[in-house]
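Trainee: If it helps, the file is called protein_37.csv and holds CSV, C-alpha atoms:
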chain,number,residue,atom,x,y,z
A,24,MET,CA,93.9,108.6,184.6
A,25,ASP,CA,91.6,105.8,183.4
A,26,THR,CA,92.0,102.6,185.2
A,27,ILE,CA,93.0,99.5,183.3
A,28,GLN,CA,89.7,97.9,184.3
A,29,ASP,CA,87.8,100.7,182.5
A,30,LEU,CA,90.0,100.6,179.5
A,31,LEU,CA,89.6,96.9,179.0
A,32,LEU,CA,85.9,97.4,178.6
A,33,THR,CA,86.2,100.3,176.2
A,34,LYS,CA,89.1,99.5,173.8
A,35,ILE,CA,91.3,96.7,172.6
A,36,MET,CA,94.4,97.0,174.7
A,37,VAL,CA,97.8,95.9,173.5
A,38,LEU,CA,100.3,94.0,175.7
A,39,ASP,CA,103.9,94.0,174.7
A,40,GLY,CA,105.7,91.2,172.8
A,41,ALA,CA,108.2,88.6,173.8
A,42,MET,CA,111.1,89.6,176.1
A,43,GLY,CA,113.2,86.5,175.4
A,44,THR,CA,113.4,86.9,171.6
A,45,ALA,CA,114.0,90.7,172.0
A,46,ILE,CA,117.0,89.9,174.2
A,47,GLN,CA,118.3,87.3,171.7
A,48,ASP,CA,118.2,90.0,169.0
A,49,ARG,CA,120.7,92.0,171.1
A,50,ASN,CA,123.3,89.2,170.6
A,51,LEU,CA,124.5,89.5,174.2
A,52,THR,CA,127.5,87.7,175.6
A,53,ALA,CA,128.4,86.1,178.9
A,54,LYS,CA,130.0,89.4,179.9
A,55,ASP,CA,126.6,91.1,179.6
A,56,PHE,CA,125.2,88.7,182.2
A,57,GLY,CA,127.9,89.5,184.7
A,58,VAL,CA,129.8,86.2,184.6
A,59,GLU,CA,129.6,83.0,182.5
A,60,ALA,CA,127.7,81.2,185.2
A,61,TYR,CA,124.8,83.6,184.9
A,62,GLU,CA,124.6,83.5,181.1
A,63,GLY,CA,121.0,82.6,180.1
A,64,CYS,CA,119.4,84.1,183.2
A,65,ASN,CA,117.5,86.9,181.4
A,66,GLU,CA,116.0,88.1,184.6
A,67,TYR,CA,119.4,89.0,186.0
A,68,LEU,CA,120.0,91.4,183.1
A,69,VAL,CA,117.9,94.0,185.0
A,70,ILE,CA,121.0,94.2,187.3
A,71,THR,CA,123.8,93.8,184.8
A,72,ARG,CA,122.3,95.5,181.7
A,73,PRO,CA,119.4,97.6,182.8
A,74,ASP,CA,119.8,99.7,179.7
A,75,VAL,CA,119.0,96.8,177.5
A,76,ILE,CA,115.9,95.8,179.4
A,77,GLN,CA,114.6,99.4,179.6
A,78,GLN,CA,115.2,99.8,175.8
A,79,VAL,CA,113.1,96.7,175.1
A,80,HIS,CA,110.3,98.2,177.2
A,81,GLU,CA,110.6,101.5,175.4
A,82,ASP,CA,110.7,99.9,171.9
A,83,TYR,CA,107.4,98.1,172.7
A,84,LEU,CA,105.8,101.3,174.0
A,85,ALA,CA,107.0,103.3,171.0
A,86,ALA,CA,105.3,100.6,168.8
A,87,GLY,CA,102.0,101.3,170.6
A,88,ALA,CA,101.8,98.9,173.5
A,89,ASP,CA,99.6,99.9,176.4
A,90,ILE,CA,101.2,97.5,178.8
A,91,VAL,CA,104.7,96.2,179.4
A,92,GLU,CA,105.6,93.1,181.4
A,93,THR,CA,108.4,93.2,184.0
A,94,ASN,CA,111.4,91.0,183.1
A,95,THR,CA,110.5,88.6,185.9
A,96,PHE,CA,109.2,85.5,184.2
A,97,GLY,CA,111.6,83.4,186.2
A,98,GLY,CA,111.8,85.6,189.3
A,99,THR,CA,111.1,83.0,192.0
A,100,ASP,CA,113.9,81.9,194.3
A,101,PHE,CA,114.3,78.3,193.0
A,102,VAL,CA,114.2,79.3,189.3
A,103,LEU,CA,116.9,82.0,190.0
A,104,GLY,CA,118.6,79.3,192.1
A,105,GLU,CA,119.3,77.4,188.9
A,106,PHE,CA,122.0,80.1,188.4
A,107,ASP,CA,122.9,80.3,192.1
A,108,LEU,CA,121.0,83.6,192.3
A,109,GLN,CA,118.3,82.4,194.8
A,110,ASP,CA,119.2,85.2,197.2
A,111,HIS,CA,118.5,87.9,194.6
A,112,VAL,CA,114.7,87.7,194.5
A,113,GLU,CA,114.2,91.2,196.1
A,114,GLU,CA,116.9,92.8,194.0
A,115,VAL,CA,115.8,91.3,190.6
A,116,ASN,CA,112.0,91.9,191.0
A,117,THR,CA,112.3,95.3,192.5
A,118,LYS,CA,114.7,96.6,189.8
A,119,ALA,CA,112.6,95.0,187.1
A,120,VAL,CA,109.6,97.0,188.2
A,121,GLU,CA,111.6,100.2,188.4
A,122,LEU,CA,112.7,99.8,184.8
A,123,ALA,CA,109.3,99.0,183.5
A,124,ARG,CA,107.8,101.9,185.4
A,125,ALA,CA,110.4,104.4,184.2
A,126,ALA,CA,109.6,103.4,180.6
A,127,CYS,CA,105.9,103.7,181.1
A,128,ASP,CA,106.3,107.1,182.8
A,129,LYS,CA,108.3,108.3,179.8
A,130,PHE,CA,105.6,107.3,177.3
A,131,SER,CA,102.3,107.8,179.3
A,132,THR,CA,100.0,110.7,178.3
A,133,PRO,CA,96.6,111.7,179.5
A,134,ASP,CA,95.1,110.2,176.3
A,135,LYS,CA,97.2,107.0,176.4
A,136,PRO,CA,98.2,105.9,179.9
A,137,ARG,CA,100.7,103.0,180.1
A,138,PHE,CA,100.7,100.2,182.6
A,139,VAL,CA,103.2,97.8,184.2
A,140,ALA,CA,102.2,94.1,184.5
A,141,GLY,CA,104.2,92.1,187.0
A,142,ALA,CA,105.1,88.9,185.1
A,143,VAL,CA,104.9,85.7,187.2
A,144,GLY,CA,105.9,82.7,185.1
A,145,PRO,CA,104.9,79.1,185.7
A,146,THR,CA,108.3,78.2,187.1
A,147,THR,CA,110.3,75.1,186.1
A,148,LYS,CA,108.1,72.8,188.2
A,149,ALA,CA,104.5,71.7,187.7
A,150,LEU,CA,102.8,70.2,190.7
A,151,SER,CA,100.6,67.8,188.7
A,152,VAL,CA,103.3,66.8,186.2
A,153,THR,CA,106.9,67.2,187.4
A,154,GLY,CA,106.6,67.3,191.1
A,155,GLY,CA,109.8,68.1,193.0
A,156,ILE,CA,108.2,70.7,195.2
A,157,THR,CA,105.3,70.8,197.6
A,158,PHE,CA,102.3,73.1,197.3
A,159,ASP,CA,103.3,75.0,200.4
A,160,GLU,CA,106.9,75.5,199.1
A,161,LEU,CA,105.7,76.7,195.8
A,162,ALA,CA,103.2,79.1,197.3
A,163,LYS,CA,105.9,80.6,199.5
A,164,SER,CA,108.2,81.1,196.5
A,165,PHE,CA,105.4,82.9,194.7
A,166,GLU,CA,104.6,84.9,197.9
A,167,ASP,CA,108.2,86.2,198.0
A,168,GLN,CA,108.3,87.2,194.3
A,169,ILE,CA,104.8,88.8,194.4
A,170,TYR,CA,105.5,90.7,197.6
A,171,TYR,CA,108.4,92.5,195.9
A,172,LEU,CA,106.6,93.1,192.7
A,173,THR,CA,103.6,94.6,194.6
A,174,LYS,CA,105.7,96.6,196.9
A,175,ALA,CA,107.7,98.1,194.0
A,176,GLY,CA,104.5,99.3,192.3
A,177,VAL,CA,103.1,97.1,189.5
A,178,ASP,CA,99.7,98.0,188.3
A,179,TYR,CA,98.7,94.3,188.2
A,180,LEU,CA,100.1,90.8,188.3
A,181,LEU,CA,100.1,88.6,185.3
A,182,PHE,CA,100.2,84.8,186.0
A,183,GLU,CA,101.3,83.8,182.5
A,184,THR,CA,102.1,80.7,180.5
A,185,ALA,CA,100.2,78.7,183.1
A,186,LEU,CA,100.7,75.0,182.5
A,187,ASP,CA,98.9,73.6,185.6
A,188,THR,CA,95.9,74.9,187.5
A,189,LEU,CA,97.4,73.6,190.7
A,190,ASN,CA,100.4,75.9,190.2
A,191,LEU,CA,97.9,78.7,189.6
A,192,LYS,CA,96.2,78.0,193.0
A,193,ALA,CA,99.7,78.1,194.7
A,194,ALA,CA,100.3,81.4,193.0
A,195,TYR,CA,97.0,82.8,194.2
A,196,VAL,CA,97.6,81.6,197.8
A,197,GLY,CA,101.0,83.2,197.6
A,198,ALA,CA,99.6,86.4,196.3
A,199,GLN,CA,97.0,86.7,199.1
A,200,ALA,CA,99.8,86.2,201.7
A,201,ALA,CA,102.0,88.8,199.9
A,202,PHE,CA,99.2,91.3,199.7
A,203,LYS,CA,98.6,90.9,203.5
A,204,LYS,CA,102.3,91.4,204.2
A,205,CYS,CA,102.5,94.4,201.9
A,206,GLY,CA,99.4,96.1,203.1
A,207,LYS,CA,97.9,96.5,199.7
A,208,ASP,CA,96.8,94.4,196.8
A,209,VAL,CA,96.6,94.7,193.0
A,210,PRO,CA,94.5,93.0,190.4
A,211,ILE,CA,95.6,89.6,189.0
A,212,ALA,CA,95.3,88.5,185.4
A,213,ILE,CA,95.6,84.9,184.3
A,214,SER,CA,96.9,83.5,181.0
A,215,GLY,CA,97.1,79.8,180.4
A,216,THR,CA,98.8,77.8,177.7
A,217,ILE,CA,97.0,75.2,175.7
A,218,GLU,CA,99.2,72.8,173.9
A,219,THR,CA,98.7,71.4,170.4
A,220,MET,CA,96.9,68.4,171.9
A,221,GLY,CA,94.1,70.7,173.1
A,222,THR,CA,94.8,70.9,176.8
A,223,MET,CA,97.2,72.4,179.3
A,224,LEU,CA,100.4,70.4,180.0
A,225,ALA,CA,98.7,69.0,183.1
A,226,GLY,CA,95.6,67.9,181.1
A,227,GLN,CA,93.1,70.6,181.7
A,228,ALA,CA,91.0,72.1,178.9
A,229,VAL,CA,89.9,75.7,178.9
A,230,GLU,CA,86.7,74.9,180.6
A,231,ALA,CA,88.6,73.4,183.5
A,232,LEU,CA,91.1,76.2,183.6
A,233,TYR,CA,88.2,78.7,183.8
A,234,ALA,CA,86.4,76.8,186.5
A,235,SER,CA,89.6,76.6,188.5
A,236,ILE,CA,90.3,80.4,188.5
A,237,GLU,CA,86.8,82.0,188.3
A,238,HIS,CA,86.7,82.5,192.1
A,239,MET,CA,90.0,84.5,191.9
A,240,ASN,CA,88.0,87.3,190.1
A,241,PRO,CA,90.8,88.0,187.6
A,242,LEU,CA,91.3,91.3,185.8
A,243,TYR,CA,91.2,89.2,182.6
A,244,VAL,CA,91.7,85.6,181.5
A,245,GLY,CA,93.3,84.4,178.3
A,246,LEU,CA,95.8,82.3,176.5
A,247,ASN,CA,99.4,82.8,175.5
A,248,CYS,CA,102.4,81.0,174.1
A,249,ALA,CA,102.4,77.4,172.8
A,250,THR,CA,100.9,77.9,169.3
A,251,GLY,CA,100.1,80.4,166.7
A,252,PRO,CA,96.7,82.2,166.8
A,253,GLU,CA,94.9,79.7,164.5
A,254,PHE,CA,95.2,76.9,167.0
A,255,MET,CA,93.7,79.2,169.7
A,256,ARG,CA,90.5,79.9,167.7
A,257,ASP,CA,88.3,77.2,169.3
A,258,HIS,CA,89.6,77.8,172.8
A,259,LEU,CA,89.0,81.5,172.5
A,260,ARG,CA,85.5,80.9,171.3
A,261,THR,CA,84.9,78.8,174.4
A,262,PHE,CA,86.4,81.4,176.7
A,263,ALA,CA,84.1,84.1,175.1
A,264,ARG,CA,81.1,81.9,175.7
A,265,ILE,CA,81.8,81.1,179.4
A,266,SER,CA,83.9,84.0,180.7
A,267,LYS,CA,82.4,86.9,182.6
A,268,PHE,CA,85.8,88.6,182.5
A,269,PRO,CA,87.7,90.3,179.7
A,270,ILE,CA,89.8,88.0,177.5
A,271,SER,CA,93.3,88.2,176.2
A,272,VAL,CA,95.1,86.4,173.4
A,273,VAL,CA,98.9,86.5,173.2
A,274,PRO,CA,100.1,83.9,170.6
A,275,ASN,CA,103.4,83.0,169.3
A,276,ALA,CA,104.1,83.9,165.7
A,277,GLY,CA,103.1,80.4,164.6
A,278,MET,CA,104.8,77.2,165.6
A,279,PRO,CA,108.6,77.1,165.6
A,280,ASN,CA,110.3,75.2,162.9
A,281,GLU,CA,113.2,72.8,163.3
A,282,ASP,CA,115.6,75.7,163.7
A,283,GLY,CA,113.5,77.3,166.4
A,284,CYS,CA,112.4,80.2,164.2
A,285,TYR,CA,108.8,81.5,164.2
A,286,CYS,CA,107.8,81.9,160.6
A,287,GLU,CA,104.4,83.6,160.8
A,288,THR,CA,104.5,87.1,159.2
A,289,PRO,CA,103.3,90.2,161.0
A,290,LYS,CA,100.6,90.6,158.4
A,291,LYS,CA,99.3,87.1,158.9
A,292,LEU,CA,99.4,87.3,162.6
A,293,ALA,CA,97.6,90.6,162.6
A,294,SER,CA,94.9,89.3,160.2
A,295,VAL,CA,94.0,86.4,162.5
A,296,LEU,CA,94.0,88.7,165.6
A,297,ASP,CA,91.8,91.1,163.7
A,298,LEU,CA,89.3,88.3,163.1
A,299,PHE,CA,89.2,87.5,166.8
A,300,ILE,CA,88.5,91.2,167.5
A,301,LYS,CA,85.7,91.4,165.0
A,302,GLU,CA,84.1,88.3,166.5
A,303,GLY,CA,84.1,90.1,169.8
A,304,TRP,CA,86.1,87.4,171.6
A,305,VAL,CA,89.0,89.4,172.9
A,306,ASN,CA,89.8,92.6,174.9
A,307,LEU,CA,93.5,92.5,174.9
A,308,ILE,CA,96.1,91.3,172.3
A,309,GLY,CA,99.9,90.8,172.4
A,310,GLY,CA,102.7,88.7,171.2
A,311,CYS,CA,104.6,85.8,172.8
When written as structure tokens, how does the structure in this file appear?
Mentor:
Amino acid sequence: MDTIQDLLLTKIMVLDGAMGTAIQDRNLTAKDFGVEAYEGCNEYLVITRPDVIQQVHEDYLAAGADIVETNTFGGTDFVLGEFDLQDHVEEVNTKAVELARAACDKFSTPDKPRFVAGAVGPTTKALSVTGGITFDELAKSFEDQIYYLTKAGVDYLLFETALDTLNLKAAYVGAQAAFKKCGKDVPIAISGTIETMGTMLAGQAVEALYASIEHMNPLYVGLNCATGPEFMRDHLRTFARISKFPISVVPNAGMPNEDGCYCETPKKLASVLDLFIKEGWVNLIGGC
């Protein structure tokens, strides 16, 4: 089977779309989350409604995705702890990988292998902005999550929606410790979020983001979330100029309106992504 490293250099790969909005489309109730106290903890649905999460994965794969992300965006102990689920890091992350892997195994063919990305979100704390946690504490939380993702068999880790390069460094330190504990390692991809003011939440532009993570030798680097693709144009051009790694772009469907709805049409989104591809700026596309 072709490795994902090979495929990124020979084709435009497709990452799945948003998990959160796909879950919202199911109109789940508190009962689906187990108890009312857990309502809103989408990660815990891998335990209470694994059928829903696996169906989301399968829907994206049926639509042509090459890669699906595990439902582990908030899979660290202190983020789960906001729902009093801090003791379920192993259970949630392990089960999430099992569901994503089962979906990929169902759809993989020799001509189109499918891959599992272990989603590692930015958490609810940013070291340079919000504080409330030390670097070592954050690195340990990332280590625990990444250990179970790696042990369960992800193809690579995706540090996504990164808001702060210091958080990324903590995630990388945690990953190295997890790999040592697990006895194996997997590639790491990094996707940052540039806000409408032109920088990450912690103030770094794409050049600073790239300088901060180049030594991590990522599988790919890129941008996701925050804005529609039009606002990403200049940042992607910069990435394409300076990056020696493949590049991803995973935008929202435009900026949300006052009702929280994303109004960019599939046709419009596709047309902008197509321009990025024709410019030769990107190797992987997806939706956020």
Trainee: Record the distance separating atom CA of Leu38 of chain A and atom CA of Glu287 of chain A, expressed in Å with one decimal.
Mentor: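 Between atom CA of Leu38 of chain A and atom CA of Glu287 of chain A the gap is 18.6 Å.
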Trainee: Using all atoms listed in the file, which protein or nucleic acid residues come within 10 Å of segment 200-209 of chain A? Drop anything in the same chain fewer than 3 positions from it, and give the result as a PyMOL selection string.
Mentor: chain A and resi 162-163+165-174+176-180+194-197+212+242
Trainee: Take the residues from that selection and write them out as a PDB file, keeping the file's coordinate frame, keeping C-alpha atoms.
Mentor:
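And here's result-v5.pdb as it stands now:
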ATOM      1  CA  ALA A 162     103.200  79.100 197.300  1.00  0.00           C
ATOM      2  CA  LYS A 163     105.900  80.600 199.500  1.00  0.00           C
ATOM      3  CA  PHE A 165     105.400  82.900 194.700  1.00  0.00           C
ATOM      4  CA  GLU A 166     104.600  84.900 197.900  1.00  0.00           C
ATOM      5  CA  ASP A 167     108.200  86.200 198.000  1.00  0.00           C
ATOM      6  CA  GLN A 168     108.300  87.200 194.300  1.00  0.00           C
ATOM      7  CA  ILE A 169     104.800  88.800 194.400  1.00  0.00           C
ATOM      8  CA  TYR A 170     105.500  90.700 197.600  1.00  0.00           C
ATOM      9  CA  TYR A 171     108.400  92.500 195.900  1.00  0.00           C
ATOM     10  CA  LEU A 172     106.600  93.100 192.700  1.00  0.00           C
ATOM     11  CA  THR A 173     103.600  94.600 194.600  1.00  0.00           C
ATOM     12  CA  LYS A 174     105.700  96.600 196.900  1.00  0.00           C
ATOM     13  CA  GLY A 176     104.500  99.300 192.300  1.00  0.00           C
ATOM     14  CA  VAL A 177     103.100  97.100 189.500  1.00  0.00           C
ATOM     15  CA  ASP A 178      99.700  98.000 188.300  1.00  0.00           C
ATOM     16  CA  TYR A 179      98.700  94.300 188.200  1.00  0.00           C
ATOM     17  CA  LEU A 180     100.100  90.800 188.300  1.00  0.00           C
ATOM     18  CA  ALA A 194     100.300  81.400 193.000  1.00  0.00           C
ATOM     19  CA  TYR A 195      97.000  82.800 194.200  1.00  0.00           C
ATOM     20  CA  VAL A 196      97.600  81.600 197.800  1.00  0.00           C
ATOM     21  CA  GLY A 197     101.000  83.200 197.600  1.00  0.00           C
ATOM     22  CA  ALA A 212      95.300  88.500 185.400  1.00  0.00           C
ATOM     23  CA  LEU A 242      91.300  91.300 185.800  1.00  0.00           C
TER      24      LEU A 242
END
Trainee: Identify the residues around (105.3, 82.2, 186.8) within a radius of 6 Å, measuring from all atoms listed in the file in the coordinates stated by the file, and give them as a ChimeraX atom specification.
Mentor: /A:96,143-146,182
Trainee: Store the residues picked out above in a file with C-alpha atoms, as a short mmCIF file (atom, residue, chain, number, x, y, z; two decimals), in the frame of the given file.
Mentor:
data_model
loop_
_atom_site.label_atom_id
_atom_site.label_comp_id
_atom_site.auth_asym_id
_atom_site.auth_seq_id
_atom_site.Cartn_x
_atom_site.Cartn_y
_atom_site.Cartn_z
CA PHE A 96 109.20 85.50 184.20
CA VAL A 143 104.90 85.70 187.20
CA GLY A 144 105.90 82.70 185.10
CA PRO A 145 104.90 79.10 185.70
CA THR A 146 108.30 78.20 187.10
CA PHE A 182 100.20 84.80 186.00
#
Trainee: One decimal, in Å: what's the spacing between atom CA of Lys54 of chain A and atom CA of Ser164 of chain A?
Mentor: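 Between these atoms lies a distance of 28.6 Å.
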Trainee: Using all atoms listed in the file, find each residue of segment 214-272 of chain A with at least one atom at most 10 Å away from an atom of segment 298-303 of chain A; report its shortest atom-to-atom pair and that distance in Å (one decimal), sort the rows by chain and rising residue number, and return the result as JSON lines.
Mentor:
{"residue": "A:Pro252", "atom": "CA", "partner": "A:Phe299", "partner_atom": "CA", "distance": 9.2}
{"residue": "A:Glu253", "atom": "CA", "partner": "A:Phe299", "partner_atom": "CA", "distance": 9.9}
{"residue": "A:Met255", "atom": "CA", "partner": "A:Phe299", "partner_atom": "CA", "distance": 9.9}
{"residue": "A:Arg256", "atom": "CA", "partner": "A:Phe299", "partner_atom": "CA", "distance": 7.8}
{"residue": "A:Leu259", "atom": "CA", "partner": "A:Phe299", "partner_atom": "CA", "distance": 8.3}
{"residue": "A:Arg260", "atom": "CA", "partner": "A:Phe299", "partner_atom": "CA", "distance": 8.8}
{"residue": "A:Ala263", "atom": "CA", "partner": "A:Gly303", "partner_atom": "CA", "distance": 8.0}
{"residue": "A:Ile270", "atom": "CA", "partner": "A:Gly303", "partner_atom": "CA", "distance": 9.8}
{"residue": "A:Val272", "atom": "CA", "partner": "A:Phe299", "partner_atom": "CA", "distance": 8.9}
Trainee: Between A:Pro269, A:Gly154, A:Gly97, A:Gly251, single out the one closest to Val295 of chain A, counting all atoms listed in the file.
Mentor: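 When distances to Val295 of chain A are compared using all atoms listed in the file, the smallest one comes from A:Gly251.
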Trainee: Counting all atoms listed in the file, which residues come within 12 Å of (95.5, 92.8, 165.6), with the point read in the file's coordinates, and could you list them as a ChimeraX atom specification?
Mentor: /A:35-38,87-88,252,271-274,289-301,305-310
Trainee: Quote the spacing between atom CA of Arg137 of chain A and atom CA of Gln77 of chain A in Å to one decimal place.
Mentor: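 Answer for the atom CA of Arg137 of chain A to atom CA of Gln77 of chain A separation: 14.4 Å.
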Trainee: Please list as a short mmCIF file (atom, residue, chain, number, x, y, z; two decimals) with C-alpha atoms, keeping the file's coordinate frame every residue within 7 Å of segment 234-241 of chain A, counting all atoms listed in the file and excluding residues in the same chain fewer than 6 positions away.
Mentor:
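New file around-v4.cif:
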data_model
loop_
_atom_site.label_atom_id
_atom_site.label_comp_id
_atom_site.auth_asym_id
_atom_site.auth_seq_id
_atom_site.Cartn_x
_atom_site.Cartn_y
_atom_site.Cartn_z
CA THR A 188 95.90 74.90 187.50
CA PRO A 210 94.50 93.00 190.40
CA ILE A 211 95.60 89.60 189.00
CA ALA A 212 95.30 88.50 185.40
CA ILE A 213 95.60 84.90 184.30
#
Trainee: When you count all atoms listed in the file, which of these residues is closest to Thr157 of chain A: A:Leu189, A:Ala123, A:Val79, A:Ala41?
Mentor: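 Once distances to Thr157 of chain A are computed over all atoms listed in the file, the minimum belongs to A:Leu189.
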Trainee: Return the single residue from A:Ala193, A:Ala249, A:Cys64, A:Met42 that is closest to Glu105 of chain A, with distances computed using all atoms listed in the file.
Mentor: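 Once distances to Glu105 of chain A are computed over all atoms listed in the file, the minimum belongs to A:Cys64.
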Trainee: What's around Leu68 of chain A at 8 Å? Count all atoms listed in the file, leave out sequence neighbours fewer than 6 positions away in its own chain, and write the answer as a ChimeraX atom specification.
Mentor: /A:55-56,75-76
Trainee: For Tyr61 of chain A, find every residue with an atom within 9 Å (counting all atoms listed in the file), except residues of its own chain fewer than 4 positions away, and show them as JSON, numbers by chain.
Mentor: {"A": [53, 56, 57, 65, 67, 106, 107, 108]}
